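> Sharing entry_3.txt, compact mmCIF, C-alpha atoms:
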# COMPACT_ATOMS: atom_id res chain seq x y z
CA MET R 25 66.03 250.40 107.76
CA LYS R 26 68.37 247.44 107.97
CA THR R 27 69.47 248.50 111.44
CA SER R 28 65.92 248.73 112.71
CA LYS R 29 65.15 245.25 111.34
CA ARG R 30 68.21 243.90 113.06
CA ASN R 31 67.19 245.59 116.30
CA LEU R 32 63.73 244.09 116.02
CA TRP R 33 65.24 240.67 115.43
CA ILE R 34 67.55 241.05 118.43
CA PHE R 35 64.62 242.18 120.54
CA CYS R 36 62.58 239.14 119.51
CA VAL R 37 65.43 236.77 120.31
CA ALA R 38 65.99 238.45 123.67
CA ALA R 39 62.30 238.20 124.47
CA SER R 40 62.23 234.52 123.53
CA VAL R 41 65.26 233.81 125.67
CA THR R 42 63.74 235.68 128.60
CA ILE R 43 60.49 233.74 128.30
CA ALA R 44 62.35 230.45 127.98
CA VAL R 45 64.45 231.22 131.05
CA ALA R 46 61.39 232.26 133.03
CA PHE R 47 59.50 229.10 132.13
CA SER R 48 62.46 226.87 132.85
CA GLY R 49 62.76 228.50 136.28
CA ARG R 50 59.11 227.91 136.91
CA LEU R 51 59.39 224.28 135.85
CA ALA R 52 62.44 223.88 138.05
CA GLY R 53 60.43 225.31 140.92
CA GLN R 54 57.69 222.81 140.28
CA THR R 55 60.18 220.00 140.15
CA ALA R 56 61.65 221.21 143.41
CA ALA R 57 58.20 221.17 144.89
CA VAL R 58 57.67 217.61 143.76
CA LYS R 59 61.08 216.36 144.86
CA PRO R 60 60.39 216.25 148.60
CA SER R 61 57.98 213.39 147.97
CA GLY R 62 60.88 211.25 146.88
CA GLY R 63 62.93 212.62 149.74
CA SER R 64 60.37 211.70 152.28
CA SER R 65 59.98 208.22 150.88
CA GLY R 66 63.73 207.93 150.77
CA SER R 67 63.93 208.67 154.48
CA GLY R 68 61.95 205.50 155.08
CA THR R 69 58.87 207.12 156.55
CA GLN R 70 55.83 207.28 154.38
CA TRP R 71 52.96 208.67 156.33
CA SER R 72 49.38 207.69 156.20
CA LEU R 73 46.63 210.16 156.83
CA GLN R 74 43.29 209.94 158.52
CA VAL R 75 40.84 212.69 157.67
CA GLU R 76 38.46 213.69 160.41
CA ARG R 77 35.04 215.12 159.80
CA ILE R 78 34.75 218.87 159.53
CA ASP R 79 34.23 220.77 162.73
CA PRO R 80 31.85 223.67 162.04
CA GLY R 81 32.80 225.36 165.31
CA ARG R 82 30.10 227.78 166.33
CA LEU R 83 29.16 228.57 162.76
CA ASP R 84 25.88 227.81 161.10
CA LEU R 85 27.41 225.80 158.27
CA ALA R 86 25.03 223.53 156.35
CA HIS R 87 25.71 219.81 156.71
CA SER R 88 25.93 219.50 152.94
CA PHE R 89 28.93 221.85 153.04
CA GLN R 90 30.57 219.88 155.84
CA VAL R 91 30.13 216.60 153.99
CA ALA R 92 31.26 218.14 150.71
CA ILE R 93 34.47 219.48 152.26
CA TYR R 94 35.17 216.10 153.88
CA GLU R 95 34.60 214.10 150.70
CA ASN R 96 36.49 216.54 148.49
CA LEU R 97 39.41 216.51 150.94
CA LEU R 98 39.63 212.73 150.77
CA GLU R 99 39.60 212.85 146.98
CA GLU R 100 42.16 215.63 146.67
CA LEU R 101 44.52 214.14 149.26
CA ASN R 102 44.38 210.80 147.49
CA GLU R 103 45.34 212.53 144.27
CA THR R 104 48.45 214.09 145.82
CA LYS R 105 49.90 210.57 146.27
CA ARG R 106 51.91 211.85 149.23
CA PHE R 107 50.40 209.45 151.68
CA LYS R 108 50.51 205.70 151.79
CA TYR R 109 46.89 205.48 152.84
CA VAL R 110 44.25 208.14 153.14
CA LEU R 111 41.70 206.90 155.63
CA ARG R 112 38.32 208.09 156.71
CA GLU R 113 37.29 208.94 160.23
CA GLY R 114 36.39 205.84 162.20
CA ASP R 115 38.20 203.47 159.85
CA GLY R 116 39.19 200.39 161.82
CA LYS R 117 42.38 199.92 159.75
CA ALA R 118 43.87 203.07 161.27
CA SER R 119 44.86 201.32 164.48
CA ALA R 120 47.14 198.95 162.57
CA ILE R 121 49.01 201.69 160.72
CA PRO R 122 52.16 202.87 162.52
CA ASP R 123 52.91 206.25 160.92
CA LEU R 124 49.59 207.96 160.99
CA LEU R 125 48.77 211.63 160.89
CA ILE R 126 45.32 212.98 161.58
CA LEU R 127 43.92 215.90 159.64
CA LYS R 128 41.60 218.10 161.67
CA THR R 129 39.70 220.84 159.93
CA MET R 130 37.77 223.55 161.68
CA VAL R 131 35.72 226.19 159.92
CA VAL R 132 36.60 229.65 161.16
CA LYS R 133 34.77 231.86 158.71
CA TYR R 134 31.88 231.34 156.35
CA THR R 135 30.17 233.78 154.03
CA PRO R 136 27.11 232.26 152.38
CA GLY R 137 26.65 233.35 148.79
CA SER R 138 24.10 233.03 146.04
CA GLU R 139 24.60 231.70 142.53
CA THR R 140 21.82 233.90 141.21
CA GLN R 141 23.34 236.98 142.79
CA ARG R 142 26.68 236.10 141.24
CA ALA R 143 25.09 235.63 137.84
CA VAL R 144 23.19 238.90 138.00
CA THR R 145 25.73 241.22 139.59
CA THR R 146 29.08 239.48 138.93
CA VAL R 147 30.71 241.33 141.82
CA SER R 148 28.64 240.11 144.76
CA GLY R 149 27.21 236.85 146.02
CA ALA R 150 30.51 235.01 146.48
CA THR R 151 30.53 232.01 148.79
CA LYS R 152 33.63 232.10 150.97
CA LEU R 153 35.03 229.58 153.38
CA THR R 154 38.04 229.82 155.66
CA VAL R 155 39.21 226.82 157.63
CA ARG R 156 42.03 226.02 160.00
CA SER R 157 43.63 222.70 159.13
CA GLN R 158 45.90 220.87 161.52
CA LEU R 159 47.97 217.77 160.96
CA VAL R 160 48.31 216.03 164.28
CA THR R 161 50.17 212.91 165.33
CA ARG R 162 48.53 210.19 167.36
CA GLU R 163 50.11 211.67 170.47
CA GLY R 164 48.44 214.99 169.75
CA LYS R 165 51.49 216.90 168.53
CA ILE R 166 50.63 219.49 165.91
CA VAL R 167 52.88 218.88 162.94
CA LEU R 168 51.38 221.41 160.59
CA GLU R 169 48.83 224.15 160.85
CA ARG R 170 47.45 226.20 158.02
CA THR R 171 44.63 228.64 157.51
CA VAL R 172 43.19 228.05 154.06
CA ASN R 173 40.55 229.82 152.01
CA GLY R 174 38.17 228.50 149.41
CA ASN R 175 35.57 230.47 147.55
CA VAL R 176 33.47 230.68 144.45
CA ARG R 177 33.18 234.16 142.94
CA PHE R 178 31.85 233.85 139.40
CA PHE R 179 30.82 230.49 137.98
CA GLY R 180 29.57 227.39 139.68
CA SER R 181 27.27 226.42 142.47
CA ASN R 182 27.85 227.29 146.11
CA LEU R 183 29.24 223.82 146.79
CA ARG R 184 32.03 224.61 144.33
CA ALA R 185 33.64 226.57 147.17
CA THR R 186 34.16 223.31 149.07
CA HIS R 187 35.99 221.81 146.10
CA ASN R 188 38.26 224.83 145.80
CA LEU R 189 38.89 224.74 149.53
CA ALA R 190 39.82 221.06 149.45
CA CYS R 191 42.19 221.71 146.53
CA ASN R 192 43.88 224.50 148.49
CA ILE R 193 44.24 222.38 151.62
CA ALA R 194 45.74 219.52 149.62
CA LYS R 195 48.08 221.95 147.90
CA ALA R 196 49.17 223.44 151.22
CA ILE R 197 49.89 220.00 152.64
CA LYS R 198 51.70 218.95 149.50
CA GLN R 199 53.93 222.02 149.52
CA SER R 200 54.89 221.59 153.14
CA ASN R 201 55.57 217.89 153.03
CA VAL R 202 59.22 218.03 154.09
CA ALA R 203 58.60 220.41 156.94
CA MET R 204 55.78 218.20 158.07
CA VAL R 205 57.87 215.07 158.23
CA ARG R 206 60.84 216.74 159.89
CA ALA R 207 58.75 218.59 162.37
CA SER R 208 56.69 215.58 163.27
CA TYR R 209 58.95 214.73 166.18
CA ARG R 210 59.05 218.24 167.48
CA ASP R 211 56.85 219.47 170.23
CA THR R 212 56.84 223.04 169.01
CA GLN R 213 53.85 224.28 167.10
CA LEU R 214 54.54 225.81 163.72
CA PRO R 215 53.29 229.32 163.06
CA THR R 216 50.05 229.66 161.14
CA LEU R 217 50.58 230.29 157.48
CA ASN R 218 48.25 230.99 154.63
CA ALA R 219 47.87 228.62 151.70
CA ASP R 220 50.06 230.86 149.57
CA GLY R 221 52.85 230.56 152.12
CA THR R 222 52.68 234.12 153.46
CA MET J 23 -48.38 204.01 163.57
CA TYR J 24 -49.49 203.04 167.00
CA CYS J 25 -47.23 200.05 166.94
CA LEU J 26 -44.27 202.20 166.01
CA PHE J 27 -45.07 204.62 168.79
CA VAL J 28 -45.30 201.78 171.23
CA LEU J 29 -42.03 200.36 170.00
CA ARG J 30 -40.36 203.73 170.46
CA ASN J 31 -41.73 204.02 173.91
CA ASP J 32 -40.43 200.59 174.68
CA LYS J 33 -36.96 201.42 173.37
CA SER J 34 -36.74 204.68 175.22
CA GLY J 35 -36.81 202.63 178.32
CA CYS J 36 -33.50 201.06 177.56
CA PHE J 37 -31.58 204.21 176.57
CA GLY J 38 -28.54 203.12 178.57
CA GLY J 39 -28.24 199.95 176.51
CA ARG J 40 -28.38 201.86 173.23
CA ALA J 41 -25.74 204.26 174.44
CA LEU J 42 -23.57 201.34 175.42
CA ILE J 43 -23.97 199.78 171.97
CA SER J 44 -23.13 203.10 170.30
CA LEU J 45 -20.06 203.51 172.45
CA TRP J 46 -18.98 199.98 171.65
CA ALA J 47 -19.43 200.60 167.92
CA LEU J 48 -17.45 203.83 168.16
CA LEU J 49 -14.65 202.11 169.97
CA LEU J 50 -14.65 199.29 167.43
CA CYS J 51 -14.47 201.73 164.50
CA SER J 52 -11.65 203.77 166.05
CA GLY J 53 -9.82 200.57 166.94
CA ILE J 54 -10.02 199.36 163.36
CA GLY J 55 -8.82 202.78 162.16
CA ALA J 56 -5.87 202.71 164.53
CA LEU J 57 -5.03 199.18 163.44
CA ALA J 58 -5.16 200.24 159.81
CA GLN J 59 -2.84 203.16 160.51
CA SER J 60 -0.35 201.04 162.40
CA THR J 61 -0.24 198.43 159.65
CA ALA J 62 0.11 201.07 156.91
CA ALA J 63 3.70 201.96 157.84
CA PRO J 64 5.23 198.49 157.39
CA LEU J 65 3.35 198.06 154.12
CA ASN J 66 4.80 201.34 152.82
CA ALA J 67 8.20 200.42 154.16
CA ASN J 68 8.31 197.35 151.95
CA ALA J 69 7.02 199.12 148.87
CA PRO J 70 9.71 200.29 146.43
CA PHE J 71 10.19 204.04 146.25
CA SER J 72 12.03 205.92 143.54
CA ILE J 73 12.49 209.51 142.41
CA ARG J 74 14.68 211.38 139.96
CA ALA J 75 17.76 212.82 141.62
CA THR J 76 21.20 214.25 140.93
CA HIS J 77 24.15 212.67 142.67
CA VAL J 78 26.31 215.62 143.71
CA LEU J 79 29.12 213.64 145.34
CA GLY J 80 30.01 210.89 147.75
CA LEU J 81 28.77 207.59 146.39
CA PRO J 82 31.47 205.09 145.37
CA ASN J 83 31.86 204.31 141.67
CA THR J 84 29.44 207.03 140.67
CA LYS J 85 30.19 210.19 138.77
CA ASN J 86 29.70 213.49 140.51
CA ASN J 87 26.84 215.69 139.33
CA CYS J 88 25.13 212.99 137.34
CA ASN J 89 21.41 212.45 136.98
CA GLY J 90 19.71 209.19 137.79
CA THR J 91 17.13 207.47 139.89
CA LEU J 92 17.29 207.35 143.65
CA SER J 93 15.35 204.39 144.93
CA ILE J 94 14.75 202.58 148.17
CA GLN J 95 14.31 198.85 147.80
CA GLY J 96 14.17 196.65 150.82
CA ASP J 97 17.00 197.64 153.09
CA ALA J 98 19.10 199.46 150.49
CA LEU J 99 19.24 202.95 149.11
CA GLN J 100 20.21 202.79 145.46
CA PHE J 101 21.29 205.37 142.96
CA GLN J 102 21.29 204.30 139.36
CA GLN J 103 22.52 206.35 136.45
CA ASN J 104 20.61 205.91 133.25
CA GLY J 105 21.55 202.50 131.88
CA LYS J 106 24.48 201.95 134.22
CA PRO J 107 24.92 199.73 137.27
CA GLY J 108 23.96 201.57 140.39
CA ALA J 109 25.62 202.30 143.72
CA GLU J 110 24.01 201.00 146.85
CA VAL J 111 24.06 202.01 150.50
CA ASN J 112 22.67 199.80 153.22
CA ILE J 113 20.02 201.76 155.08
CA ALA J 114 21.15 200.26 158.37
CA SER J 115 24.54 201.92 157.88
CA VAL J 116 23.07 205.41 157.51
CA ARG J 117 23.99 207.36 160.63
CA ALA J 118 22.50 210.75 159.85
CA LEU J 119 20.24 212.38 157.34
CA PHE J 120 19.91 216.08 156.68
CA LEU J 121 17.66 218.08 154.44
CA GLY J 122 18.60 221.41 152.98
CA GLU J 123 17.42 223.88 150.40
CA GLU J 124 19.45 225.48 147.65
CA SER J 125 18.90 227.52 144.54
CA LYS J 126 20.78 227.16 141.29
CA GLN J 127 20.88 228.55 137.80
CA VAL J 128 19.23 226.32 135.22
CA GLY J 129 20.09 225.62 131.61
CA GLY J 130 23.72 224.60 131.94
CA LEU J 131 26.42 225.68 129.55
CA PRO J 132 24.21 226.58 126.53
CA VAL J 133 22.17 229.04 128.56
CA LYS J 134 25.33 230.37 130.16
CA LEU J 135 26.83 231.06 126.74
CA GLY J 136 23.59 232.60 125.55
CA LYS J 137 23.52 234.90 128.54
CA ALA J 138 27.10 235.91 127.97
CA ALA J 139 26.35 236.69 124.31
CA ALA J 140 23.18 238.69 125.00
CA PRO J 141 23.75 242.40 124.39
CA TYR J 142 23.19 245.25 126.83
CA GLY J 143 23.43 242.98 129.85
CA GLY J 144 20.34 241.07 128.83
CA GLY J 145 21.90 237.90 130.18
CA ARG J 146 21.73 239.27 133.69
CA VAL J 147 18.02 239.77 133.40
CA VAL J 148 17.68 236.19 132.21
CA SER J 149 19.77 235.04 135.20
CA LEU J 150 17.37 236.81 137.49
CA PHE J 151 14.58 234.45 136.44
CA ALA J 152 16.48 231.36 135.29
CA HIS J 153 16.97 229.76 138.67
CA LYS J 154 15.15 227.06 140.51
CA LYS J 155 15.02 225.84 144.06
CA TYR J 156 15.72 222.27 144.98
CA ASP J 157 16.19 220.14 148.06
CA THR J 158 19.54 218.74 149.07
CA LEU J 159 19.65 215.42 150.83
CA THR J 160 22.81 214.78 152.80
CA LEU J 161 23.54 211.30 154.11
CA GLU J 162 26.24 210.17 156.48
CA TYR J 163 26.87 206.44 156.48
CA VAL J 164 29.61 204.04 157.53
CA ASP J 165 31.31 201.36 155.47
CA SER J 166 32.22 197.83 156.59
CA ASP J 167 35.46 199.13 158.20
CA GLY J 168 33.64 201.79 160.16
CA GLY J 169 34.86 204.67 157.98
CA VAL J 170 32.48 207.60 157.73
CA HIS J 171 31.19 208.46 154.27
CA GLY J 172 29.00 211.29 153.11
CA ALA J 173 26.78 211.58 150.07
CA ILE J 174 24.80 214.51 148.72
CA PHE J 175 21.82 214.33 146.38
CA GLU J 176 19.73 217.02 144.78
CA VAL J 177 16.04 216.32 144.40
CA ALA J 178 13.10 218.39 143.26
CA LYS J 179 11.70 220.77 145.83
CA GLY J 180 9.44 218.96 148.25
CA GLN J 181 10.72 215.49 147.43
CA GLY J 182 13.52 215.58 149.97
CA GLU J 183 10.96 215.33 152.72
CA LEU J 184 9.47 212.24 151.05
CA VAL J 185 12.82 210.47 150.89
CA ARG J 186 13.49 211.38 154.47
CA ASN J 187 10.13 210.01 155.59
CA GLU J 188 10.75 206.80 153.67
CA LEU J 189 14.16 206.36 155.25
CA VAL J 190 12.84 207.10 158.71
CA ALA J 191 10.08 204.54 158.15
CA ARG J 192 12.78 202.02 157.28
CA GLY J 193 14.64 202.54 160.51
CA VAL J 194 17.03 205.45 159.95
CA ALA J 195 17.42 207.21 163.28
CA SER J 196 14.61 209.70 163.73
CA SER J 197 17.00 212.00 165.56
CA SER J 198 18.37 213.10 162.19
CA GLY J 199 18.36 216.86 162.12
CA LYS J 200 17.14 219.33 159.60
CA ASP J 201 19.95 220.86 157.61
CA GLN J 202 20.36 224.58 157.86
CA PRO J 203 19.47 226.04 154.49
CA THR J 204 22.11 228.25 152.98
CA LYS J 205 20.94 231.81 153.24
CA GLN J 206 20.10 233.32 149.88
CA SER J 207 19.90 236.84 151.15
CA THR J 208 20.85 239.81 149.06
CA SER J 209 23.35 241.05 151.58
CA GLU J 210 26.36 239.02 152.52
CA VAL J 211 26.52 237.90 156.10
CA THR J 212 29.79 236.81 157.59
CA TYR J 213 29.93 234.53 160.56
CA GLU J 214 33.26 234.66 162.23
CA ASP J 215 34.52 232.55 165.03
CA LYS J 216 35.79 234.93 167.64
Show me, as structure tokens, the structure contained in the file I just sent.

Amino acid sequence: MKTSKRNLWIFCVAASVTIAVAFSGRLAGQTAAVKPSGGSSGSGTQWSLQVERIDPGRLDLAHSFQVAIYENLLEELNETKRFKYVLREGDGKASAIPDLLILKTMVVKYTPGSETQRAVTTVSGATKLTVRSQLVTREGKIVLERTVNGNVRFFGSNLRATHNLACNIAKAIKQSNVAMVRASYRDTQLPTLNADGT
Amino acid sequence: MYCLFVLRNDKSGCFGGRALISLWALLLCSGIGALAQSTAAPLNANAPFSIRATHVLGLPNTKNNCNGTLSIQGDALQFQQNGKPGAEVNIASVRALFLGEESKQVGGLPVKLGKAAAPYGGGRVVSLFAHKKYDTLTLEYVDSDGGVHGAIFEVAKGQGELVRNELVARGVASSSGKDQPTKQSTSEVTYEDK
């Protein structure tokens, strides 16, 4: 009886240690992800970003979606605090800023959904968006290219997909900050990656 | 009686003159009507216009998804939350205006919780009927630096057209297109850029 209690106690301690180690690793990973911001500012180049309007390509994407993606992108990119200035398309101040990147976003796939269908069936009616985002220098060099998804599957209106998409784009840019800055002087185009890095 | 007959006979002689007078009167009436129509637009353009609306996103210093009053006064489009200072967009800065149509579930969180708690999937049946259609009004405008902004409003079905007409009457480019409504079909359709 005593032995089994001791085993249980040892098991609990081991489990706690495992969880603690796992969480500390995760936190360290997050810290590592945040660090490049300091690194990039330490290198003396803090980029500014100009967000262009969304290019719907040949898709029949409602203007409300295009505007929602654009506005949500501006908000999310401002929140990342990775850029000195986040400017809108057509902003006259852009010409005076030396280190400027331009974010181009093109919609490549769109699945219109229905909130009612989602509420009734749960499994269908999702609104899905896939965009190709490019960070380009003034000279037209592609610094970063990502294909990012955003969708709403269960709760929320259809426009919620644009918010999720903007969050994912901002996250993708945030995670690849170092690569972006280093590669900015390279002519080579980076391979397309998903938001999750695969 | 005889006199009347004589008078008629006399008048029938100058039928061309009567026709001329009738034509002149007709032209006068239609001219006045046309004048009244042409003066009606500027009068309406100066009259204040306001409707209830939900600000979805885009206006500066305004919460997203908040209810308020969308009004057009003079050369400004204003959105005012209940009892709070409003945001204003100069109508001259509006570059494009699009109308769309959407459908959403009504009732908010309480209804959502109620539906989740309903036994035997009763909530799904409620969802089937607890939705309403509304118009979305999407504006694209520029700020003083030339930066492009966008704003989206939800208004009751049918009122989007009214706002659009008011803005067009106040000088917003009439080339503004009609927004493509999001398809609410039962089957999912995927458009893919090949």
> One number please: CA of Arg74 (chain J) to CA of Lys155 (chain J), in Å, one decimal.
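Separating CA of Arg74 (chain J) from CA of Lys155 (chain J) is a distance of 15.0 Å.
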> Choose the residue, out of R:Leu127, R:Ala143, R:Ile166, R:Ile93, that has the smallest atom-to-atom separation from chain J; count all atoms listed in the file.
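Looking at the shortest contact to chain J, the residue is R:Ala143.
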> Please, which residues in chain R fall within 8 Å of chain J when counting all atoms listed in the file, and what is the closest atom pair and distance in Å to one decimal for each, ordered by chain then residue number, as CSV?

residue,atom,partner,partner_atom,distance
R:Gly81,CA,J:Asp215,CA,7.4
R:Arg82,CA,J:Asp215,CA,6.6
R:Leu83,CA,J:Tyr213,CA,6.4
R:Asp84,CA,J:Gln202,CA,7.2
R:Leu85,CA,J:Gln202,CA,7.2
R:Ala86,CA,J:Gln202,CA,5.0
R:His87,CA,J:Asp201,CA,5.9
R:Ser88,CA,J:Thr160,CA,5.7
R:Val91,CA,J:Gly172,CA,5.5
R:Ala92,CA,J:Leu79,CA,7.3
R:Tyr94,CA,J:Gly172,CA,7.9
R:Glu95,CA,J:Gly80,CA,6.3
R:Leu111,CA,J:Gly169,CA,7.6
R:Arg112,CA,J:Gly169,CA,5.0
R:Glu113,CA,J:Gly169,CA,5.4
R:Gly114,CA,J:Gly169,CA,4.6
R:Asp115,CA,J:Gly169,CA,4.0
R:Gly116,CA,J:Asp167,CA,5.3
R:Lys117,CA,J:Asp167,CA,7.1
R:Val132,CA,J:Asp215,CA,5.3
R:Lys133,CA,J:Glu214,CA,4.7
R:Tyr134,CA,J:Tyr213,CA,5.6
R:Thr135,CA,J:Thr212,CA,4.7
R:Pro136,CA,J:Lys205,CA,6.2
R:Gly137,CA,J:Gln206,CA,6.6
R:Ser138,CA,J:Gln206,CA,5.6
R:Glu139,CA,J:Lys126,CA,6.1
R:Thr140,CA,J:Gln127,CA,6.4
R:Gln141,CA,J:Thr208,CA,7.3
R:Ala143,CA,J:Ser149,CA,6.0
R:Val144,CA,J:Arg146,CA,4.6
R:Thr145,CA,J:Arg146,CA,7.4
R:Gly149,CA,J:Glu210,CA,6.9
R:Ser181,CA,J:Lys126,CA,6.6
> Could you jot down the CA of Leu189 (chain J) to CA of Leu98 (chain R) separation for me, Å, one decimal place?
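CA of Leu189 (chain J) sits 26.6 Å away from CA of Leu98 (chain R).
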> Can you work out which one of R:Ile34, R:Ile126, R:Val155, R:Ala190 has the shortest atom-to-atom distance to Pro80 (chain R), counting only C-alpha atoms?
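Residue with the minimum atom-to-atom distance to Pro80 (chain R): R:Val155.
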> Grab the CA of Ile73 (chain J) to CA of Leu183 (chain R) distance for me, in Å with one decimal place.
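That distance, rounded to one decimal, is 22.5 Å.
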> I want to know what sits within 9 Å of Thr76 (chain J), based on only C-alpha atoms, with residues of the same chain fewer than 5 positions away left out; could you give that as a PyMOL selection string?
chain J and resi 86-92+174-177
> As a list in words, please: the residues near Ile113 (chain J) (cut-off 9 Å, only C-alpha atoms, same-chain neighbours under 4 positions excluded).
Ile94, Gly96, Asp97, Ala98, Leu99, Arg117, Tyr163, Leu189, Arg192, Gly193 and Val194 of chain J
> Between R:Phe89, R:Lys128, R:Ile197, R:Asp123, single out the one closest to Ala185 (chain R), counting all atoms listed in the file.
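Selected residue with least distance to Ala185 (chain R): R:Phe89.
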> Once you've located region 155-170 of chain J in the structure I gave, write it as a compact mmCIF listing (two decimals), in the first residue's frame, keeping N, CA and C atoms.

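The resulting selection35.txt:
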# COMPACT_ATOMS: atom_id res chain seq x y z
N LYS J 155 -31.97 39.22 -43.32
CA LYS J 155 -31.14 39.78 -44.38
C LYS J 155 -30.94 41.27 -44.15
N TYR J 156 -29.80 41.74 -44.52
CA TYR J 156 -29.52 43.17 -44.40
C TYR J 156 -28.62 43.61 -45.54
N ASP J 157 -28.54 44.90 -45.73
CA ASP J 157 -27.70 45.46 -46.79
C ASP J 157 -26.35 45.86 -46.20
N THR J 158 -25.31 45.63 -46.95
CA THR J 158 -24.00 46.15 -46.52
C THR J 158 -23.61 47.30 -47.44
N LEU J 159 -23.12 48.33 -46.82
CA LEU J 159 -22.72 49.52 -47.55
C LEU J 159 -21.21 49.68 -47.36
N THR J 160 -20.49 49.55 -48.45
CA THR J 160 -19.03 49.63 -48.37
C THR J 160 -18.55 50.91 -49.02
N LEU J 161 -17.80 51.68 -48.27
CA LEU J 161 -17.28 52.95 -48.77
C LEU J 161 -15.76 52.87 -48.90
N GLU J 162 -15.25 53.48 -49.93
CA GLU J 162 -13.80 53.69 -50.02
C GLU J 162 -13.57 55.18 -50.09
N TYR J 163 -12.76 55.69 -49.17
CA TYR J 163 -12.51 57.13 -49.16
C TYR J 163 -11.03 57.38 -48.89
N VAL J 164 -10.60 58.59 -49.15
CA VAL J 164 -9.18 58.93 -48.93
C VAL J 164 -9.07 59.98 -47.84
N ASP J 165 -7.97 59.90 -47.09
CA ASP J 165 -7.75 60.89 -46.03
C ASP J 165 -6.97 62.08 -46.59
N SER J 166 -6.57 62.98 -45.72
CA SER J 166 -5.89 64.21 -46.19
C SER J 166 -4.53 63.91 -46.81
N ASP J 167 -3.91 62.75 -46.42
CA ASP J 167 -2.60 62.38 -47.00
C ASP J 167 -2.75 61.57 -48.29
N GLY J 168 -3.95 61.25 -48.64
CA GLY J 168 -4.17 60.45 -49.85
C GLY J 168 -4.29 58.97 -49.58
N GLY J 169 -4.18 58.56 -48.32
CA GLY J 169 -4.28 57.14 -47.96
C GLY J 169 -5.71 56.63 -48.14
N VAL J 170 -5.79 55.42 -48.68
CA VAL J 170 -7.12 54.84 -48.94
C VAL J 170 -7.67 54.19 -47.67
